[in-house]
>>> print(open('work30.txt').read())   # compact mmCIF, C-alpha atoms
# COMPACT_ATOMS: atom_id res chain seq x y z
CA MET Q 1 -31.25 64.66 13.22
CA HIS Q 2 -28.75 64.16 10.44
CA VAL Q 3 -29.95 64.85 6.91
CA VAL Q 4 -30.30 61.52 5.10
CA GLN Q 5 -31.90 60.61 1.81
CA THR Q 6 -32.52 56.95 2.62
CA ARG Q 7 -32.59 54.83 5.74
CA LYS Q 8 -29.15 53.59 6.76
CA LYS Q 9 -29.02 50.24 8.50
CA LEU Q 10 -26.53 49.93 11.31
CA PHE Q 11 -24.74 46.87 9.93
CA PRO Q 12 -24.25 46.82 6.13
CA PHE Q 13 -23.12 43.55 4.57
CA ILE Q 14 -19.43 42.85 5.04
CA GLY Q 15 -17.25 40.05 3.79
CA ALA Q 16 -16.55 37.13 6.07
CA ALA Q 17 -12.86 38.00 6.14
CA LEU Q 18 -13.66 41.35 7.77
CA VAL Q 19 -15.91 40.06 10.52
CA ALA Q 20 -13.24 39.16 13.06
CA PRO Q 21 -11.28 42.46 12.84
CA ILE Q 22 -14.47 44.49 13.10
CA LEU Q 23 -15.66 42.53 16.12
CA LEU Q 24 -12.28 43.06 17.75
CA ILE Q 25 -12.43 46.78 17.11
CA GLY Q 26 -15.97 46.86 18.43
CA ALA Q 27 -14.90 45.14 21.63
CA LEU Q 28 -12.35 47.87 22.22
CA SER Q 29 -14.55 50.79 21.18
CA PRO Q 30 -18.36 50.35 21.36
CA SER Q 31 -20.24 51.42 18.25
CA ARG Q 32 -23.73 52.96 17.92
CA SER Q 33 -25.32 49.51 17.94
CA GLN Q 34 -23.44 47.86 20.79
CA THR Q 35 -24.08 47.88 24.48
CA SER Q 36 -22.50 46.77 27.69
CA PRO Q 37 -23.24 43.11 28.49
CA SER Q 38 -24.67 44.24 31.82
CA LEU Q 39 -27.51 46.01 30.00
CA SER Q 40 -28.81 42.71 28.57
CA VAL Q 41 -30.53 43.95 25.42
CA SER Q 42 -30.34 42.48 21.92
CA LEU Q 43 -29.07 44.12 18.78
CA SER Q 44 -31.29 46.77 17.24
CA SER Q 45 -32.98 46.61 13.85
CA ALA Q 46 -33.70 50.35 13.98
CA SER Q 47 -31.80 52.66 11.65
CA ALA Q 48 -29.52 55.29 13.09
CA THR Q 49 -31.58 58.35 12.22
CA SER Q 50 -34.90 59.35 10.78
CA PRO Q 51 -34.96 61.59 7.70
CA SER Q 52 -34.62 65.32 8.30
CA GLY Q 53 -38.01 66.89 8.92
CA LYS Q 54 -39.45 63.76 10.55
CA VAL Q 55 -39.47 63.12 14.29
CA LEU Q 56 -40.10 59.71 15.85
CA VAL Q 57 -42.29 60.07 18.96
CA VAL Q 58 -43.02 57.17 21.33
CA THR Q 59 -45.55 56.93 24.14
CA SER Q 60 -45.31 54.23 26.81
CA ASN Q 61 -46.96 53.51 30.14
CA LEU Q 62 -44.15 51.51 31.76
CA ARG Q 63 -45.72 50.54 35.09
CA ALA Q 64 -42.49 51.63 36.75
CA ALA Q 65 -43.57 54.11 39.43
CA TRP Q 66 -45.79 52.33 41.94
CA GLY Q 67 -45.55 49.24 44.12
CA ASN Q 68 -42.68 46.76 44.12
CA GLN Q 69 -40.16 47.74 41.44
CA GLY Q 70 -37.59 45.02 42.11
CA ASP Q 71 -37.73 43.88 38.49
CA MET Q 72 -37.76 47.38 37.01
CA ARG Q 73 -34.24 47.29 35.55
CA VAL Q 74 -34.87 43.99 33.77
CA ARG Q 75 -38.24 45.14 32.43
CA MET Q 76 -36.83 48.39 31.10
CA GLY Q 77 -34.17 46.39 29.26
CA ARG Q 78 -36.89 44.30 27.62
CA TYR Q 79 -38.81 47.45 26.74
CA VAL Q 80 -35.85 49.17 25.09
CA GLY Q 81 -34.96 45.98 23.23
CA ARG Q 82 -38.45 45.57 21.78
CA LEU Q 83 -38.72 49.26 20.93
CA LEU Q 84 -35.44 49.41 19.02
CA ASN Q 85 -36.18 46.14 17.26
CA GLN Q 86 -39.51 47.48 15.94
CA ALA Q 87 -39.09 51.23 15.45
CA PRO Q 88 -37.83 52.24 12.00
CA TRP Q 89 -35.32 54.69 13.49
CA TYR Q 90 -33.90 55.66 16.84
CA PRO Q 91 -36.59 57.47 18.86
CA ASP Q 92 -36.32 61.25 19.13
CA VAL Q 93 -38.88 61.88 21.90
CA LEU Q 94 -40.32 59.43 24.43
CA LEU Q 95 -43.44 60.33 26.40
CA LEU Q 96 -43.46 58.12 29.49
CA GLN Q 97 -46.19 57.42 32.04
CA GLU Q 98 -46.07 55.55 35.34
CA VAL Q 99 -42.40 56.32 35.79
CA LYS Q 100 -40.38 57.93 38.54
CA ARG Q 101 -36.87 59.34 38.38
CA ASN Q 102 -34.87 56.11 38.48
CA SER Q 103 -37.02 54.28 35.90
CA ALA Q 104 -37.00 57.24 33.48
CA GLU Q 105 -33.23 57.53 33.88
CA ARG Q 106 -32.88 53.79 33.30
CA VAL Q 107 -34.67 54.10 29.96
CA ALA Q 108 -32.45 57.02 28.91
CA SER Q 109 -29.31 55.16 29.97
CA LEU Q 110 -30.25 52.00 28.12
CA LEU Q 111 -31.09 53.91 24.94
CA SER Q 112 -27.78 55.79 25.10
CA ALA Q 113 -25.75 52.61 25.63
CA ARG Q 114 -27.64 50.71 22.99
CA THR Q 115 -27.57 53.33 20.22
CA GLY Q 116 -24.54 55.49 20.93
CA ASP Q 117 -26.77 58.57 20.87
CA ASN Q 118 -27.18 60.84 23.89
CA TYR Q 119 -30.54 60.30 25.58
CA VAL Q 120 -31.49 62.40 28.60
CA VAL Q 121 -34.52 62.81 30.83
CA ALA Q 122 -35.62 66.27 29.74
CA VAL Q 123 -38.59 66.51 32.14
CA ARG Q 124 -37.66 64.54 35.23
CA PRO Q 125 -40.32 62.95 37.42
CA PRO Q 126 -39.56 62.98 41.14
CA LYS Q 127 -37.87 60.18 43.07
CA ILE Q 128 -41.16 59.52 44.82
CA PRO Q 129 -44.12 60.05 42.46
CA TRP Q 130 -46.38 61.72 44.99
CA ARG Q 131 -46.38 64.22 47.78
CA GLU Q 132 -49.20 64.93 50.18
CA THR Q 133 -50.39 67.09 53.01
CA PRO Q 134 -53.71 67.00 54.83
CA LYS Q 135 -55.03 69.48 52.23
CA ILE Q 136 -53.57 68.28 48.92
CA ARG Q 137 -52.10 65.17 47.31
CA THR Q 138 -50.13 65.57 44.08
CA GLU Q 139 -49.16 62.68 41.82
CA THR Q 140 -46.42 63.14 39.24
CA ASP Q 141 -45.73 59.92 37.38
CA SER Q 142 -44.94 61.13 33.86
CA GLY Q 143 -41.72 62.27 32.26
CA ILE Q 144 -40.13 63.00 28.89
CA VAL Q 145 -36.90 61.56 27.45
CA ILE Q 146 -35.28 63.12 24.37
CA ASN Q 147 -32.44 62.20 22.04
CA ARG Q 148 -30.02 65.12 22.36
CA THR Q 149 -28.08 63.90 19.34
CA THR Q 150 -31.07 64.72 17.12
CA THR Q 151 -33.17 67.21 19.13
CA LYS Q 152 -32.70 70.06 21.56
CA LYS Q 153 -34.88 71.54 24.27
CA LEU Q 154 -36.46 74.92 23.62
CA ASP Q 155 -37.58 75.43 27.22
CA HIS Q 156 -37.14 73.86 30.64
CA GLY Q 157 -40.45 72.05 30.40
CA GLY Q 158 -42.93 71.66 33.20
CA TYR Q 159 -46.26 70.09 34.09
CA ILE Q 160 -49.94 70.50 33.32
CA SER Q 161 -52.00 70.07 36.50
CA LEU Q 162 -55.38 68.34 36.26
CA THR Q 163 -57.86 67.90 39.10
CA PHE Q 164 -61.58 67.54 39.86
CA LYS Q 165 -64.13 68.92 42.30
CA ARG Q 166 -64.25 67.42 45.78
CA SER Q 167 -67.98 66.95 45.34
CA ASP Q 168 -67.29 64.62 42.39
CA ALA Q 169 -65.04 62.29 44.39
CA ALA Q 170 -66.20 58.73 45.04
CA TYR Q 171 -65.20 59.04 48.68
CA PRO Q 172 -65.79 62.15 50.80
CA SER Q 173 -62.56 64.04 51.31
CA LYS Q 174 -61.44 67.56 52.00
CA ARG Q 175 -58.10 66.88 50.35
CA VAL Q 176 -57.55 68.10 46.79
CA GLU Q 177 -56.23 65.47 44.35
CA VAL Q 178 -53.94 66.73 41.57
CA ASN Q 179 -52.26 64.82 38.75
CA GLN Q 180 -49.36 66.43 36.89
CA HIS Q 181 -48.55 65.70 33.25
CA ALA Q 182 -45.16 66.52 31.72
CA ARG Q 183 -44.83 69.05 28.87
CA LEU Q 184 -41.88 70.31 26.81
CA SER Q 185 -40.94 72.00 23.53
CA VAL Q 186 -38.16 70.60 21.35
CA GLN Q 187 -36.54 71.31 18.00
CA GLU Q 188 -35.13 68.85 15.51
CA ILE Q 189 -31.53 69.93 14.99
CA SER Q 190 -31.20 69.11 11.28
CA SER Q 191 -34.39 70.73 9.99
CA GLY Q 192 -35.43 73.19 12.71
CA LEU Q 193 -38.84 71.49 13.03
CA LYS Q 194 -40.42 72.48 16.34
CA LEU Q 195 -42.68 70.26 18.43
CA SER Q 196 -44.40 70.79 21.74
CA VAL Q 197 -45.29 67.59 23.53
CA ALA Q 198 -47.23 66.45 26.57
CA SER Q 199 -47.13 63.07 28.30
CA VAL Q 200 -50.53 62.49 29.89
CA HIS Q 201 -52.05 59.86 32.15
CA PHE Q 202 -55.79 60.34 32.63
CA GLN Q 203 -57.05 58.60 35.78
CA TYR Q 204 -60.67 58.31 36.84
CA GLN Q 205 -60.65 55.85 39.74
CA LEU Q 206 -61.49 58.50 42.34
CA LEU Q 207 -64.57 59.78 40.50
CA LYS Q 208 -68.08 58.85 41.57
CA ASN Q 209 -69.48 57.38 38.39
CA ARG Q 210 -69.15 56.79 34.65
CA ALA Q 211 -70.88 60.03 33.70
CA LEU Q 212 -68.29 62.05 35.61
CA ARG Q 213 -65.53 60.05 33.99
CA ARG Q 214 -66.77 61.20 30.60
CA THR Q 215 -67.17 64.77 31.80
CA TYR Q 216 -63.60 64.97 33.02
CA GLN Q 217 -62.21 63.28 29.92
CA LYS Q 218 -63.53 66.25 28.01
CA LYS Q 219 -62.41 68.87 30.55
CA TRP Q 220 -58.92 67.49 30.90
CA ALA Q 221 -58.42 67.12 27.15
CA GLU Q 222 -59.53 70.74 26.72
CA LYS Q 223 -57.08 71.93 29.36
CA VAL Q 224 -54.18 70.04 27.80
CA THR Q 225 -54.88 71.43 24.32
CA LYS Q 226 -55.31 74.97 25.65
CA LYS Q 227 -52.09 74.80 27.67
CA LEU Q 228 -50.02 73.69 24.68
CA GLU Q 229 -51.68 76.24 22.41
CA THR Q 230 -50.97 79.18 24.71
CA LYS Q 231 -47.56 78.01 25.92
CA TYR Q 232 -46.15 76.85 22.59
CA PRO Q 233 -47.62 78.73 19.60
CA GLY Q 234 -46.03 77.97 16.26
CA THR Q 235 -45.13 74.37 17.12
CA LEU Q 236 -46.49 71.00 16.06
CA ARG Q 237 -48.43 70.24 19.22
CA THR Q 238 -48.38 66.54 20.07
CA VAL Q 239 -50.02 64.73 22.99
CA GLY Q 240 -49.27 61.12 23.84
CA GLY Q 241 -50.20 58.96 26.74
CA ASP Q 242 -52.48 56.58 28.57
CA PHE Q 243 -56.07 57.82 28.43
CA ASN Q 244 -57.55 54.79 30.22
CA GLN Q 245 -60.30 54.73 27.61
CA GLU Q 246 -60.44 53.32 24.11
CA ARG Q 247 -61.25 55.32 20.99
CA CYS Q 248 -64.78 53.90 20.89
CA LEU Q 249 -66.92 54.78 23.88
CA HIS Q 250 -68.64 51.39 23.85
CA PRO Q 251 -66.83 48.10 23.17
CA GLY Q 252 -67.78 46.19 20.07
CA GLY Q 253 -68.58 49.19 17.89
CA GLY Q 254 -67.22 49.38 14.36
CA ILE Q 255 -64.04 51.43 14.19
CA LEU Q 256 -65.48 53.77 11.55
CA THR Q 257 -68.98 54.14 12.96
CA CYS Q 258 -68.68 53.77 16.75
CA LYS Q 259 -69.51 56.60 19.12
CA ARG Q 260 -66.24 58.31 20.00
CA SER Q 261 -64.97 58.80 23.53
CA PRO Q 262 -65.12 62.39 24.82
CA PHE Q 263 -61.35 62.93 24.95
CA TRP Q 264 -61.00 61.71 21.34
CA LYS Q 265 -63.70 64.10 20.13
CA VAL Q 266 -61.96 67.03 21.85
CA PHE Q 267 -58.60 66.34 20.24
CA VAL Q 268 -59.77 65.25 16.78
CA ASP Q 269 -63.16 66.87 16.14
CA ARG Q 270 -62.80 70.11 18.07
CA HIS Q 271 -59.07 70.91 17.87
CA HIS Q 272 -58.20 69.06 14.64
CA TYR Q 273 -55.44 66.88 15.98
CA LEU Q 274 -54.80 63.62 14.13
CA ASP Q 275 -54.99 60.27 15.92
CA SER Q 276 -51.72 58.91 14.54
CA ILE Q 277 -52.51 55.22 14.20
CA TYR Q 278 -56.07 55.83 13.08
CA LYS Q 279 -54.90 58.26 10.39
CA VAL Q 280 -52.24 55.86 9.09
CA TRP Q 281 -54.83 53.06 9.06
CA ARG Q 282 -57.27 55.23 7.10
CA ASP Q 283 -54.46 55.86 4.63
CA GLY Q 284 -54.47 52.14 3.85
CA ARG Q 285 -51.91 50.51 6.12
CA LYS Q 286 -52.92 47.36 7.98
CA HIS Q 287 -51.90 45.36 11.06
CA LEU Q 288 -51.08 48.44 13.15
CA GLY Q 289 -52.84 47.59 16.41
CA LEU Q 290 -55.81 49.96 16.52
CA GLY Q 291 -57.13 48.93 19.93
CA GLY Q 292 -55.99 49.95 23.37
CA VAL Q 293 -56.00 53.07 25.53
CA ASP Q 294 -52.64 54.58 24.49
CA PHE Q 295 -52.60 57.28 21.79
CA ILE Q 296 -50.45 59.85 20.04
CA PHE Q 297 -52.47 62.88 18.88
CA THR Q 298 -50.65 65.46 16.78
CA LYS Q 299 -51.17 68.70 14.86
CA GLY Q 300 -48.44 67.46 12.54
CA ASN Q 301 -48.63 64.78 9.87
CA PRO Q 302 -48.19 61.21 11.14
CA VAL Q 303 -46.57 59.59 8.12
CA ASN Q 304 -46.29 56.24 9.90
CA ALA Q 305 -47.39 54.78 13.23
CA LYS Q 306 -47.71 51.45 14.98
CA THR Q 307 -48.06 49.69 18.31
CA ASP Q 308 -46.11 46.77 19.78
CA ARG Q 309 -48.81 44.62 18.23
CA SER Q 310 -47.25 41.21 18.95
CA TYR Q 311 -46.67 41.94 22.63
CA ASN Q 312 -48.25 39.50 25.09
CA LYS Q 313 -48.42 41.06 28.54
CA LYS Q 314 -49.23 37.65 30.06
CA ALA Q 315 -45.88 36.18 28.98
CA ARG Q 316 -43.62 36.58 32.01
CA ALA Q 317 -40.38 36.05 30.09
CA THR Q 318 -40.97 39.12 27.91
CA PHE Q 319 -43.11 41.26 30.23
CA TYR Q 320 -42.19 44.95 30.41
CA SER Q 321 -45.57 46.58 31.22
CA ASP Q 322 -49.30 46.03 31.15
CA HIS Q 323 -49.41 48.49 28.23
CA ARG Q 324 -47.81 48.18 24.81
CA PHE Q 325 -45.85 51.09 23.39
CA VAL Q 326 -47.04 53.24 20.48
CA TRP Q 327 -44.79 55.13 18.07
CA ALA Q 328 -45.44 57.66 15.33
CA THR Q 329 -43.22 59.40 12.79
CA ILE Q 330 -44.36 63.00 12.58
CA SER Q 331 -43.64 65.69 9.99
CA ALA Q 332 -45.19 69.06 9.19
CA ARG Q 333 -48.58 68.95 7.42
>>> encode(input="work30.txt", output="structure tokens")
Amino acid sequence: MHVVQTRKKLFPFIGAALVAPILLIGALSPSRSQTSPSLSVSLSSASATSPSGKVLVVTSNLRAAWGNQGDMRVRMGRYVGRLLNQAPWYPDVLLLQEVKRNSAERVASLLSARTGDNYVVAVRPPKIPWRETPKIRTETDSGIVINRTTTKKLDHGGYISLTFKRSDAAYPSKRVEVNQHARLSVQEISSGLKLSVASVHFQYQLLKNRALRRTYQKKWAEKVTKKLETKYPGTLRTVGGDFNQERCLHPGGGILTCKRSPFWKVFVDRHHYLDSIYKVWRDGRKHLGLGGVDFIFTKGNPVNAKTDRSYNKKARATFYSDHRFVWATISAR
């Protein structure tokens, strides 16, 4: 990221006499804020860059890997439009779930066209998000997009494999079920700040009962933290994704006093990650959108965080996913 002292808005005030020439120039040479009409996204309210030493991380389950994806391109345009209209700066790292190669690439392409920065799929999900044999079925529906204008890869990335015992499956099967979750290490160009990230999607539908669901929440969270710790020492380890479980184990509990879900206790209580939105809320900020099953946990300092709080997934005209995105600005502690 570029070193900046204050946020720079994309379009400073200009006199009326200058509007027409600037629009003409823009038509001939697209600026950071413009996009091709075919991409159908509105102008961004995000600033061009975040301050040096702060990285904007986004997590999103985009429902763009399974079933009929005939509307995927339109939905990804809505997603990128809402994200850039709400995020304070251009995203640096996006942790995506329920994506395959073409939907992840669509997000990167839209962000590049919309901002003028260079977004790439740094950990690419496959064209088809599963492969199977009579002995094993592997699902890979997560990926990672980075802004190469502000960050660079420190490794090729890879996946963290999570599974469960056959005896714990709801239906008898000799086939092993494996879910893979994308991981990567990156460095902010301007400051040298290093992050390791994982995009996770915990799924429990094949387990026998609720007790096993809680058991594997804990086991899988432990494996993710251990993998990042051993693979990427000396980095701000950050895990974002869809955990298919809220922060409180039982609905209706008070946010401060409720019994925590097993995965949350592993990250926060045992390994001392910070739940980004929860931490920012405890610091005194309101109207962040504390509910839901999507989280960003980090060993860094989340100086700001929020969800797409106004999103209505039942409104067809603005629908992009059955999950709302979460973003967090992360610095060193």
>>> closest_residue(input="work30.txt", among="Q:Asp322, Q:Asp155, Q:Asp294, Q:Asp269", to="Q:Val58", atoms="only C-alpha atoms")
Q:Asp294
>>> atom_distance(input="work30.txt", atom1="atom CA of Q:Glu188", atom2="atom CA of Q:Thr59")
18.0 Å
>>> atom_distance(input="work30.txt", atom1="atom CA of Q:Leu195", atom2="atom CA of Q:Leu110")
24.1 Å
>>> residues_near_point(input="work30.txt", point="(-63.8, 57.2, 33.8)", cutoff="12 Å", atoms="all atoms listed in the file", output="list in words")
Asp168, Ala169, Ala170, Phe202, Gln203, Tyr204, Gln205, Leu206, Leu207, Lys208, Asn209, Arg210, Ala211, Leu212, Arg213, Arg214, Thr215, Tyr216, Gln217, Lys218, Trp220, Phe243, Asn244, Gln245, Glu246, Leu249, Ser261, Pro262 and Phe263 of chain Q
>>> residues_around(input="work30.txt", residues="Q:Thr329", least_positions_apart="3", cutoff="10 Å", atoms="all atoms listed in the file", output="list in words")
Ser50, Pro51, Gly53, Lys54, Val55, Leu56, Val57, Val58, Ala87, Pro88, Trp89, Pro91, Asp92, Ser276, Gly300, Asn301, Pro302, Val303, Asn304, Ala305 and Lys306 of chain Q
>>> residues_around(input="work30.txt", residues="Q:Pro125", least_positions_apart="3", cutoff="9 Å", atoms="all atoms listed in the file", output="number ranges by chain")
Q: 99-102, 104, 121, 128-129, 140-144, 182
>>> closest_residue(input="work30.txt", among="Q:Cys258, Q:Ala198, Q:Leu84, Q:Ala64", to="Q:Glu105", atoms="only C-alpha atoms")
Q:Ala64
>>> closest_residue(input="work30.txt", among="Q:Trp66, Q:Phe295, Q:Tyr119, Q:Trp281", to="Q:Glu139", atoms="only C-alpha atoms")
Q:Trp66
>>> residues_around(input="work30.txt", residues="stretch 229-235 of chain Q", least_positions_apart="6", cutoff="8 Å", atoms="all atoms listed in the file", output="MDAnalysis selection string")
chainID Q and resid 185 194:196
>>> write_last_selection(input="work30.txt", atoms="C-alpha atoms", output="PDB file, in the frame of the given file")
ATOM      1  CA  SER Q 185     -40.940  72.000  23.530  1.00  0.00           C
ATOM      2  CA  LYS Q 194     -40.420  72.480  16.340  1.00  0.00           C
ATOM      3  CA  LEU Q 195     -42.680  70.260  18.430  1.00  0.00           C
ATOM      4  CA  SER Q 196     -44.400  70.790  21.740  1.00  0.00           C
TER       5      SER Q 196
END
>>> atom_distance(input="work30.txt", atom1="atom CA of Q:Arg247", atom2="atom CA of Q:Gly289")
12.3 Å
